[in-house]
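Novice: My structure is stored as my_file.pdb, with PDB, C-alpha atoms, pLDDT in the B column.
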```pdb
MODEL        1
ATOM      1  CA  MET L  38     133.047 103.330 110.452  1.00 48.00           C
ATOM      2  CA  SER L  39     132.155 106.962 109.783  1.00 49.00           C
ATOM      3  CA  PRO L  40     131.497 109.336 112.724  1.00 50.00           C
ATOM      4  CA  VAL L  41     127.819 109.568 111.702  1.00 43.00           C
ATOM      5  CA  THR L  42     127.435 105.778 111.611  1.00 42.00           C
ATOM      6  CA  ARG L  43     129.288 105.416 114.905  1.00 46.00           C
ATOM      7  CA  ARG L  44     126.996 108.034 116.521  1.00 47.00           C
ATOM      8  CA  PHE L  45     123.894 106.274 115.130  1.00 42.00           C
ATOM      9  CA  VAL L  46     125.055 102.888 116.451  1.00 42.00           C
ATOM     10  CA  LEU L  47     125.772 104.381 119.876  1.00 46.00           C
ATOM     11  CA  ALA L  48     122.429 106.203 119.987  1.00 45.00           C
ATOM     12  CA  SER L  49     120.621 103.015 118.928  1.00 45.00           C
ATOM     13  CA  ALA L  50     122.314 101.096 121.729  1.00 46.00           C
ATOM     14  CA  VAL L  51     121.302 103.741 124.277  1.00 44.00           C
ATOM     15  CA  PHE L  52     117.709 103.618 123.024  1.00 47.00           C
ATOM     16  CA  ALA L  53     117.659  99.815 123.207  1.00 44.00           C
ATOM     17  CA  ALA L  54     118.998  99.961 126.765  1.00 47.00           C
ATOM     18  CA  THR L  55     116.252 102.450 127.670  1.00 47.00           C
ATOM     19  CA  LEU L  56     113.624 100.060 126.318  1.00 45.00           C
ATOM     20  CA  ALA L  57     115.171  97.151 128.186  1.00 48.00           C
ATOM     21  CA  ALA L  58     115.095  99.145 131.434  1.00 49.00           C
ATOM     22  CA  LEU L  59     111.320  99.570 131.265  1.00 49.00           C
ATOM     23  CA  PRO L  60     109.366  97.029 133.314  1.00 49.00           C
ATOM     24  CA  ALA L  61     108.425  94.058 131.193  1.00 45.00           C
ATOM     25  CA  LEU L  62     104.868  94.095 129.894  1.00 41.00           C
ATOM     26  CA  SER L  63     104.507  90.489 131.079  1.00 39.00           C
ATOM     27  CA  THR L  64     104.538  91.654 134.722  1.00 42.00           C
ATOM     28  CA  MET L  65     101.251  93.530 134.359  1.00 42.00           C
ATOM     29  CA  GLN L  66      98.319  92.838 136.657  1.00 53.00           C
ATOM     30  CA  SER L  67      96.061  91.953 133.738  1.00 64.00           C
ATOM     31  CA  THR L  68      96.947  90.303 130.464  1.00 78.00           C
ATOM     32  CA  ALA L  69      93.772  91.315 128.616  1.00 91.00           C
ATOM     33  CA  ALA L  70      94.576  92.516 125.111  1.00 94.00           C
ATOM     34  CA  LEU L  71      94.215  96.186 124.342  1.00 96.00           C
ATOM     35  CA  THR L  72      91.043  97.024 122.459  1.00 96.00           C
ATOM     36  CA  SER L  73      90.927  99.233 119.384  1.00 96.00           C
ATOM     37  CA  GLU L  74      89.364 101.898 121.650  1.00 97.00           C
ATOM     38  CA  ASP L  75      92.362 101.602 124.007  1.00 97.00           C
ATOM     39  CA  LYS L  76      94.795 101.980 121.116  1.00 97.00           C
ATOM     40  CA  THR L  77      92.922 105.016 119.784  1.00 97.00           C
ATOM     41  CA  ALA L  78      92.902 106.682 123.220  1.00 98.00           C
ATOM     42  CA  ILE L  79      96.621 105.957 123.645  1.00 98.00           C
ATOM     43  CA  ALA L  80      97.483 107.383 120.208  1.00 98.00           C
ATOM     44  CA  GLU L  81      95.352 110.454 121.014  1.00 98.00           C
ATOM     45  CA  ALA L  82      97.271 111.009 124.246  1.00 98.00           C
ATOM     46  CA  VAL L  83     100.642 110.777 122.488  1.00 98.00           C
ATOM     47  CA  ALA L  84      99.644 113.099 119.645  1.00 98.00           C
ATOM     48  CA  GLY L  85      97.592 115.367 121.923  1.00 98.00           C
ATOM     49  CA  ILE L  86     100.542 116.253 124.126  1.00 98.00           C
ATOM     50  CA  GLY L  87     102.451 117.646 121.145  1.00 97.00           C
ATOM     51  CA  LEU L  88      99.441 119.346 119.555  1.00 98.00           C
ATOM     52  CA  TYR L  89      98.185 121.077 122.689  1.00 98.00           C
ATOM     53  CA  ALA L  90     101.679 122.081 123.820  1.00 98.00           C
ATOM     54  CA  ASP L  91     102.079 123.794 120.427  1.00 98.00           C
ATOM     55  CA  LEU L  92      98.698 125.492 120.906  1.00 98.00           C
ATOM     56  CA  ARG L  93      99.673 126.400 124.513  1.00 98.00           C
ATOM     57  CA  GLU L  94      96.516 124.733 125.870  1.00 98.00           C
ATOM     58  CA  TRP L  95      98.203 123.647 129.073  1.00 98.00           C
ATOM     59  CA  ASP L  96      95.143 122.161 130.810  1.00 97.00           C
ATOM     60  CA  ARG L  97      94.641 119.833 127.855  1.00 98.00           C
ATOM     61  CA  VAL L  98      98.326 118.864 127.934  1.00 98.00           C
ATOM     62  CA  LYS L  99      98.005 118.151 131.666  1.00 97.00           C
ATOM     63  CA  SER L 100      94.994 115.901 131.056  1.00 97.00           C
ATOM     64  CA  TYR L 101      97.162 113.388 129.179  1.00 98.00           C
ATOM     65  CA  PHE L 102      99.707 112.877 131.975  1.00 98.00           C
ATOM     66  CA  ALA L 103      99.760 110.638 135.025  1.00 98.00           C
ATOM     67  CA  ASP L 104     100.393 112.343 138.370  1.00 97.00           C
ATOM     68  CA  ARG L 105     104.132 111.484 138.149  1.00 98.00           C
ATOM     69  CA  VAL L 106     106.047 111.516 134.876  1.00 98.00           C
ATOM     70  CA  THR L 107     109.513 110.215 134.034  1.00 98.00           C
ATOM     71  CA  THR L 108     111.264 112.059 131.192  1.00 98.00           C
ATOM     72  CA  ASP L 109     114.368 110.856 129.392  1.00 98.00           C
ATOM     73  CA  TYR L 110     115.837 113.600 127.195  1.00 97.00           C
ATOM     74  CA  THR L 111     119.413 112.336 127.620  1.00 97.00           C
ATOM     75  CA  SER L 112     119.944 111.577 123.920  1.00 96.00           C
ATOM     76  CA  LEU L 113     119.032 115.175 123.167  1.00 95.00           C
ATOM     77  CA  PHE L 114     120.480 117.188 126.052  1.00 94.00           C
ATOM     78  CA  GLY L 115     122.601 114.792 128.129  1.00 95.00           C
ATOM     79  CA  GLY L 116     122.020 114.951 131.862  1.00 96.00           C
ATOM     80  CA  GLU L 117     119.897 112.483 133.782  1.00 96.00           C
ATOM     81  CA  VAL L 118     116.515 110.825 133.483  1.00 97.00           C
ATOM     82  CA  ALA L 119     114.111 112.819 135.681  1.00 96.00           C
ATOM     83  CA  THR L 120     110.853 112.080 137.454  1.00 98.00           C
ATOM     84  CA  SER L 121     108.556 114.895 138.541  1.00 97.00           C
ATOM     85  CA  ASP L 122     104.901 115.608 139.043  1.00 97.00           C
ATOM     86  CA  ARG L 123     103.005 116.621 135.919  1.00 97.00           C
ATOM     87  CA  ASP L 124     102.512 120.214 137.098  1.00 97.00           C
ATOM     88  CA  ALA L 125     106.271 120.683 137.418  1.00 97.00           C
ATOM     89  CA  LEU L 126     106.826 119.210 133.946  1.00 97.00           C
ATOM     90  CA  ILE L 127     104.228 121.482 132.391  1.00 97.00           C
ATOM     91  CA  ALA L 128     105.664 124.482 134.246  1.00 96.00           C
ATOM     92  CA  GLN L 129     109.041 123.615 132.735  1.00 96.00           C
ATOM     93  CA  TRP L 130     107.508 123.579 129.241  1.00 97.00           C
ATOM     94  CA  GLN L 131     105.668 126.839 129.985  1.00 96.00           C
ATOM     95  CA  GLY L 132     109.048 128.379 130.815  1.00 95.00           C
ATOM     96  CA  LEU L 133     110.284 127.661 127.289  1.00 97.00           C
ATOM     97  CA  LEU L 134     107.676 127.038 124.595  1.00 97.00           C
ATOM     98  CA  PRO L 135     105.849 130.420 124.786  1.00 97.00           C
ATOM     99  CA  GLY L 136     109.187 132.087 124.026  1.00 97.00           C
ATOM    100  CA  PHE L 137     109.056 130.804 120.458  1.00 98.00           C
ATOM    101  CA  ASP L 138     107.064 132.493 117.717  1.00 98.00           C
ATOM    102  CA  ALA L 139     105.902 129.005 116.756  1.00 98.00           C
ATOM    103  CA  THR L 140     106.513 125.361 117.578  1.00 98.00           C
ATOM    104  CA  GLN L 141     105.259 122.305 115.753  1.00 98.00           C
ATOM    105  CA  HIS L 142     105.550 118.740 116.986  1.00 98.00           C
ATOM    106  CA  LEU L 143     104.600 116.424 114.127  1.00 98.00           C
ATOM    107  CA  ILE L 144     104.082 112.998 115.704  1.00 98.00           C
ATOM    108  CA  THR L 145     103.594 110.134 113.250  1.00 97.00           C
ATOM    109  CA  ASN L 146     103.742 106.364 112.863  1.00 97.00           C
ATOM    110  CA  ILE L 147     102.299 105.708 116.321  1.00 98.00           C
ATOM    111  CA  VAL L 148     102.455 102.001 117.140  1.00 98.00           C
ATOM    112  CA  VAL L 149     100.841 100.812 120.377  1.00 98.00           C
ATOM    113  CA  GLU L 150     101.671  97.598 122.258  1.00 97.00           C
ATOM    114  CA  GLY L 151     100.609  96.332 125.624  1.00 96.00           C
ATOM    115  CA  ALA L 152      97.949  94.556 127.592  1.00 95.00           C
ATOM    116  CA  GLY L 153      95.849  95.137 130.652  1.00 95.00           C
ATOM    117  CA  ASN L 154      96.592  98.465 132.303  1.00 97.00           C
ATOM    118  CA  ASP L 155     100.013  99.136 130.750  1.00 97.00           C
ATOM    119  CA  ALA L 156     100.974 100.176 127.243  1.00 98.00           C
ATOM    120  CA  VAL L 157     103.922 101.470 125.262  1.00 98.00           C
ATOM    121  CA  ALA L 158     103.553 103.718 122.229  1.00 98.00           C
ATOM    122  CA  ARG L 159     106.428 104.232 119.812  1.00 98.00           C
ATOM    123  CA  SER L 160     106.357 107.037 117.244  1.00 98.00           C
ATOM    124  CA  HIS L 161     108.385 109.477 115.208  1.00 98.00           C
ATOM    125  CA  VAL L 162     108.516 113.195 115.933  1.00 98.00           C
ATOM    126  CA  ARG L 163     109.783 116.166 113.971  1.00 98.00           C
ATOM    127  CA  ALA L 164     109.766 119.095 116.377  1.00 98.00           C
ATOM    128  CA  SER L 165     110.373 122.565 114.957  1.00 98.00           C
ATOM    129  CA  HIS L 166     110.975 125.669 117.077  1.00 98.00           C
ATOM    130  CA  ARG L 167     111.078 129.167 115.497  1.00 98.00           C
ATOM    131  CA  ILE L 168     111.927 132.721 116.470  1.00 98.00           C
ATOM    132  CA  ASP L 169     111.785 135.064 113.483  1.00 96.00           C
ATOM    133  CA  THR L 170     113.998 133.409 110.846  1.00 97.00           C
ATOM    134  CA  ARG L 171     115.974 131.375 113.392  1.00 97.00           C
ATOM    135  CA  PHE L 172     114.943 127.787 113.980  1.00 98.00           C
ATOM    136  CA  TRP L 173     115.897 124.510 115.602  1.00 98.00           C
ATOM    137  CA  THR L 174     114.360 121.265 114.422  1.00 98.00           C
ATOM    138  CA  VAL L 175     114.918 117.839 115.869  1.00 98.00           C
ATOM    139  CA  GLY L 176     113.899 114.555 114.294  1.00 98.00           C
ATOM    140  CA  ALA L 177     113.534 111.736 116.777  1.00 98.00           C
ATOM    141  CA  SER L 178     111.647 108.686 117.880  1.00 98.00           C
ATOM    142  CA  TYR L 179     109.508 108.747 120.990  1.00 98.00           C
ATOM    143  CA  LEU L 180     108.687 106.044 123.455  1.00 98.00           C
ATOM    144  CA  HIS L 181     105.688 106.824 125.677  1.00 98.00           C
ATOM    145  CA  ARG L 182     104.738 104.539 128.543  1.00 98.00           C
ATOM    146  CA  LEU L 183     101.079 104.782 129.543  1.00 98.00           C
ATOM    147  CA  VAL L 184      98.941 103.460 132.379  1.00 98.00           C
ATOM    148  CA  ARG L 185      95.190 103.014 132.518  1.00 97.00           C
ATOM    149  CA  THR L 186      93.612 105.162 135.236  1.00 97.00           C
ATOM    150  CA  PRO L 187      89.962 105.689 136.185  1.00 96.00           C
ATOM    151  CA  GLU L 188      90.134 108.871 134.048  1.00 95.00           C
ATOM    152  CA  GLY L 189      91.578 107.015 131.015  1.00 97.00           C
ATOM    153  CA  TRP L 190      95.034 106.360 129.575  1.00 98.00           C
ATOM    154  CA  ARG L 191      97.748 108.627 130.993  1.00 98.00           C
ATOM    155  CA  VAL L 192     101.405 109.035 130.006  1.00 98.00           C
ATOM    156  CA  SER L 193     103.742 108.068 132.848  1.00 98.00           C
ATOM    157  CA  ALA L 194     107.046 108.199 130.940  1.00 98.00           C
ATOM    158  CA  ILE L 195     108.478 109.830 127.815  1.00 98.00           C
ATOM    159  CA  SER L 196     111.787 108.946 126.213  1.00 98.00           C
ATOM    160  CA  ILE L 197     113.139 110.662 123.121  1.00 98.00           C
ATOM    161  CA  HIS L 198     115.834 109.203 120.873  1.00 98.00           C
ATOM    162  CA  ARG L 199     117.400 111.901 118.705  1.00 98.00           C
ATOM    163  CA  LEU L 200     117.950 110.966 115.070  1.00 98.00           C
ATOM    164  CA  TYR L 201     119.055 114.351 113.678  1.00 98.00           C
ATOM    165  CA  GLU L 202     119.034 118.107 114.262  1.00 97.00           C
ATOM    166  CA  GLU L 203     118.793 121.074 111.932  1.00 98.00           C
ATOM    167  CA  GLY L 204     119.251 124.761 112.590  1.00 97.00           C
ATOM    168  CA  ASP L 205     120.501 126.626 115.632  1.00 96.00           C
ATOM    169  CA  ARG L 206     120.117 124.994 119.040  1.00 95.00           C
ATOM    170  CA  ALA L 207     120.874 128.391 120.652  1.00 96.00           C
ATOM    171  CA  VAL L 208     117.300 129.415 119.791  1.00 97.00           C
ATOM    172  CA  LEU L 209     116.280 127.416 122.907  1.00 96.00           C
ATOM    173  CA  ALA L 210     118.125 129.830 125.195  1.00 96.00           C
ATOM    174  CA  ALA L 211     116.675 132.793 123.314  1.00 96.00           C
ATOM    175  CA  ALA L 212     113.156 131.445 123.863  1.00 97.00           C
ATOM    176  CA  ALA L 213     113.752 130.929 127.598  1.00 95.00           C
ATOM    177  CA  ASP L 214     115.109 134.505 127.816  1.00 95.00           C
ATOM    178  CA  ARG L 215     111.989 135.843 126.084  1.00 96.00           C
ATOM    179  CA  VAL L 216     109.694 134.041 128.560  1.00 95.00           C
ATOM    180  CA  GLU L 217     111.720 135.348 131.491  1.00 94.00           C
ATOM    181  CA  ALA L 218     111.673 138.913 130.132  1.00 94.00           C
ATOM    182  CA  ALA L 219     107.904 138.769 129.579  1.00 92.00           C
ATOM    183  CA  ALA L 220     107.372 137.652 133.195  1.00 90.00           C
ATOM    184  CA  LYS L 221     109.105 140.767 134.579  1.00 90.00           C
TER     185      LYS L 221
ENDMDL
END
```
Show how you would write the structure in this file as structure tokens.
Specialist:
Amino acid sequence: MSPVTRRFVLASAVFAATLAALPALSTMQSTAALTSEDKTAIAEAVAGIGLYADLREWDRVKSYFADRVTTDYTSLFGGEVATSDRDALIAQWQGLLPGFDATQHLITNIVVEGAGNDAVARSHVRASHRIDTRFWTVGASYLHRLVRTPEGWRVSAISIHRLYEEGDRAVLAAAADRVEAAAK
């Protein structure tokens, strides 16, 4: 087995384990099927997070999140799965994304499943990050877990499963340095 195939098999197993660790949809309080309006609102939340983060419209980004958010970036950066309040998550993004000249999160193929007050959306993402001619692009699949709140559907968990990378990952540190320098 080639190293690339071995890495893909391992990453697929990690992603499958992440899905298996999510609470089963059958344990939901309600088993009512999601309506087409629910599925549209869920897809809008998933796509809206990427769009408005790229546009640096942080209040709009915040509006798509539940009060507490679990993020799993382990396939991309290692480390641990983290849970924080949405303000802390957005602050973390604000400490990085404005340091790029441009970012673009293309989120496609959104498929929504669920019932009652719980849903899961799976999608693809191609996220590009640029400073001058330097760039880092990651292709991945997302898994968003959403809950119905009185305000509408809100993302309570995000998991990313890296498929490939292009460019220079060091551009991330350069962007964080630019944000820090601008704050002084």
Novice: Between CA of Ala164 (chain L) and CA of Thr186 (chain L), what is the distance in Å, rounded to a tenth?
Specialist: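 Here the two named atoms are 28.5 Å from each other.
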Novice: Given only C-alpha atoms as the basis, pick out the residue of L:Thr108, L:Arg163, L:Arg171, L:Val157 nearest to Lys76 (chain L).
Specialist: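 Of all the options, L:Val157 lies closest to Lys76 (chain L).
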Novice: Quick one, how far is CA of Arg123 (chain L) from CA of Val106 (chain L)?
Specialist: 6.0 Å
Novice: Taking the file as shown, find all residues satisfying the PyMOL selection byres ((chain L and resi 176-185) around 8) and write them as a count of residues only.
Specialist: 33
Novice: Do you have the CA of Tyr101 (chain L)-CA of Ile86 (chain L) distance handy?
Specialist: 6.7 Å
Novice: Using only C-alpha atoms, which of the listed residues (L:Leu133, L:Val118, L:Ala212, L:Ala139) sits closest to Leu92 (chain L)?
Specialist: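 For Leu92 (chain L), the nearest of the given residues is L:Ala139.
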Novice: Excluding same-chain residues fewer than 2 positions from Arg97 (chain L), what lies within 12 Å of it counting all atoms listed in the file, as a list in words?
Specialist: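 Selected residues are Glu81, Ala82, Ala84, Gly85, Ile86, Gly87, Leu88, Tyr89, Ala90, Asp91, Leu92, Arg93, Glu94, Trp95, Lys99, Ser100, Tyr101, Phe102 and Ile127 of chain L.
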Novice: Let me see the file: selected residues, C-alpha atoms, as an mmCIF file, keeping the file's coordinate frame.
Specialist:
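Writing done, so here's result36.cif:
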```cif
data_model
loop_
_atom_site.group_PDB
_atom_site.id
_atom_site.type_symbol
_atom_site.label_atom_id
_atom_site.label_comp_id
_atom_site.auth_asym_id
_atom_site.auth_seq_id
_atom_site.Cartn_x
_atom_site.Cartn_y
_atom_site.Cartn_z
ATOM 1 C CA GLU L 81 95.352 110.454 121.014
ATOM 2 C CA ALA L 82 97.271 111.009 124.246
ATOM 3 C CA ALA L 84 99.644 113.099 119.645
ATOM 4 C CA GLY L 85 97.592 115.367 121.923
ATOM 5 C CA ILE L 86 100.542 116.253 124.126
ATOM 6 C CA GLY L 87 102.451 117.646 121.145
ATOM 7 C CA LEU L 88 99.441 119.346 119.555
ATOM 8 C CA TYR L 89 98.185 121.077 122.689
ATOM 9 C CA ALA L 90 101.679 122.081 123.820
ATOM 10 C CA ASP L 91 102.079 123.794 120.427
ATOM 11 C CA LEU L 92 98.698 125.492 120.906
ATOM 12 C CA ARG L 93 99.673 126.400 124.513
ATOM 13 C CA GLU L 94 96.516 124.733 125.870
ATOM 14 C CA TRP L 95 98.203 123.647 129.073
ATOM 15 C CA LYS L 99 98.005 118.151 131.666
ATOM 16 C CA SER L 100 94.994 115.901 131.056
ATOM 17 C CA TYR L 101 97.162 113.388 129.179
ATOM 18 C CA PHE L 102 99.707 112.877 131.975
ATOM 19 C CA ILE L 127 104.228 121.482 132.391
#
```
Novice: Please provide as a ChimeraX atom specification all residues within 9 Å of Leu134 (chain L), with the sequence filter that same-chain residues fewer than 2 positions apart are discarded (counting only C-alpha atoms).
Specialist: /L:90-91,93,129-132,136-140,166,209,212-213,216
Novice: Please return the centre and edge lengths, in Å to one decimal, of a box with edges along x, y and z that contains all listed atoms of region 96-113 of chain L, widened by 3 Å on every side, as lines of an AutoDock Vina configuration file.
Specialist:
```
center_x = 107.3
center_y = 116.2
center_z = 130.8
size_x = 31.3
size_y = 17.9
size_z = 21.2
```
Novice: From the options L:Ala80, L:Leu113, L:Ala211, L:Ala218, which residue's atoms come nearest to Asp169 (chain L), counting all atoms listed in the file?
Specialist: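 With all atoms listed in the file as the atom set, the closest residue is L:Ala211.
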Novice: Taking (118.8, 122.1, 108.4) in the file's coordinates as the center, which residues reach within 9 Å of it, counting all atoms listed in the file, put as a list of chain:residue names?
Specialist: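 Within the cut-off we find L:Phe172, L:Trp173, L:Thr174, L:Glu202, L:Glu203, L:Gly204, L:Asp205.
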Novice: Can you spell out as a list in words the set of residues that the PyMOL selection byres ((chain L and resi 152) around 6) selects in the structure I just provided?
Specialist: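 In the shown coordinates, the PyMOL selection byres ((chain L and resi 152) around 6) covers Thr68, Ala69, Ala70, Leu71, Gly151, Gly153 and Asp155 of chain L.
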Novice: Produce region 110-124 of chain L of the given structure as output with N, CA, C and O atoms, as a compact mmCIF listing (two decimals), in the first residue's frame.
Specialist:
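The resulting file, out31.txt, is shown below:
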```txt
# COMPACT_ATOMS: atom_id res chain seq x y z
N TYR L 110 -10.42 19.81 14.80
CA TYR L 110 -9.48 20.09 13.72
C TYR L 110 -8.29 19.13 13.78
O TYR L 110 -7.23 19.41 13.23
N THR L 111 -8.46 17.99 14.47
CA THR L 111 -7.33 17.09 14.69
C THR L 111 -6.77 16.51 13.40
O THR L 111 -5.57 16.27 13.33
N SER L 112 -7.58 16.29 12.38
CA SER L 112 -7.03 15.73 11.14
C SER L 112 -6.20 16.76 10.40
O SER L 112 -5.40 16.42 9.54
N LEU L 113 -6.37 18.02 10.76
CA LEU L 113 -5.64 19.10 10.09
C LEU L 113 -4.42 19.55 10.89
O LEU L 113 -3.34 19.73 10.35
N PHE L 114 -4.60 19.70 12.21
CA PHE L 114 -3.55 20.26 13.04
C PHE L 114 -3.08 19.35 14.18
O PHE L 114 -2.19 19.73 14.93
N GLY L 115 -3.69 18.18 14.34
CA GLY L 115 -3.37 17.35 15.51
C GLY L 115 -4.05 17.92 16.73
O GLY L 115 -5.07 18.59 16.63
N GLY L 116 -3.50 17.69 17.89
CA GLY L 116 -4.06 18.25 19.11
C GLY L 116 -5.30 17.51 19.58
O GLY L 116 -5.45 16.32 19.33
N GLU L 117 -6.18 18.25 20.23
CA GLU L 117 -7.37 17.67 20.85
C GLU L 117 -8.63 18.33 20.31
O GLU L 117 -8.61 19.47 19.86
N VAL L 118 -9.73 17.61 20.42
CA VAL L 118 -11.05 18.19 20.17
C VAL L 118 -11.29 19.21 21.28
O VAL L 118 -10.95 18.97 22.44
N ALA L 119 -11.85 20.37 20.94
CA ALA L 119 -12.04 21.44 21.92
C ALA L 119 -13.50 21.88 21.95
O ALA L 119 -14.18 21.86 20.93
N THR L 120 -13.94 22.29 23.12
CA THR L 120 -15.26 22.88 23.27
C THR L 120 -15.08 24.24 23.94
O THR L 120 -14.36 24.36 24.93
N SER L 121 -15.71 25.26 23.36
CA SER L 121 -15.60 26.61 23.90
C SER L 121 -16.91 27.34 23.64
O SER L 121 -17.78 26.85 22.91
N ASP L 122 -17.03 28.53 24.20
CA ASP L 122 -18.21 29.32 23.86
C ASP L 122 -17.96 29.97 22.51
O ASP L 122 -16.83 30.10 22.05
N ARG L 123 -19.03 30.34 21.84
CA ARG L 123 -18.91 30.85 20.46
C ARG L 123 -18.07 32.12 20.39
O ARG L 123 -17.36 32.32 19.41
N ASP L 124 -18.14 32.97 21.41
CA ASP L 124 -17.34 34.20 21.39
C ASP L 124 -15.85 33.88 21.39
O ASP L 124 -15.07 34.54 20.69
```
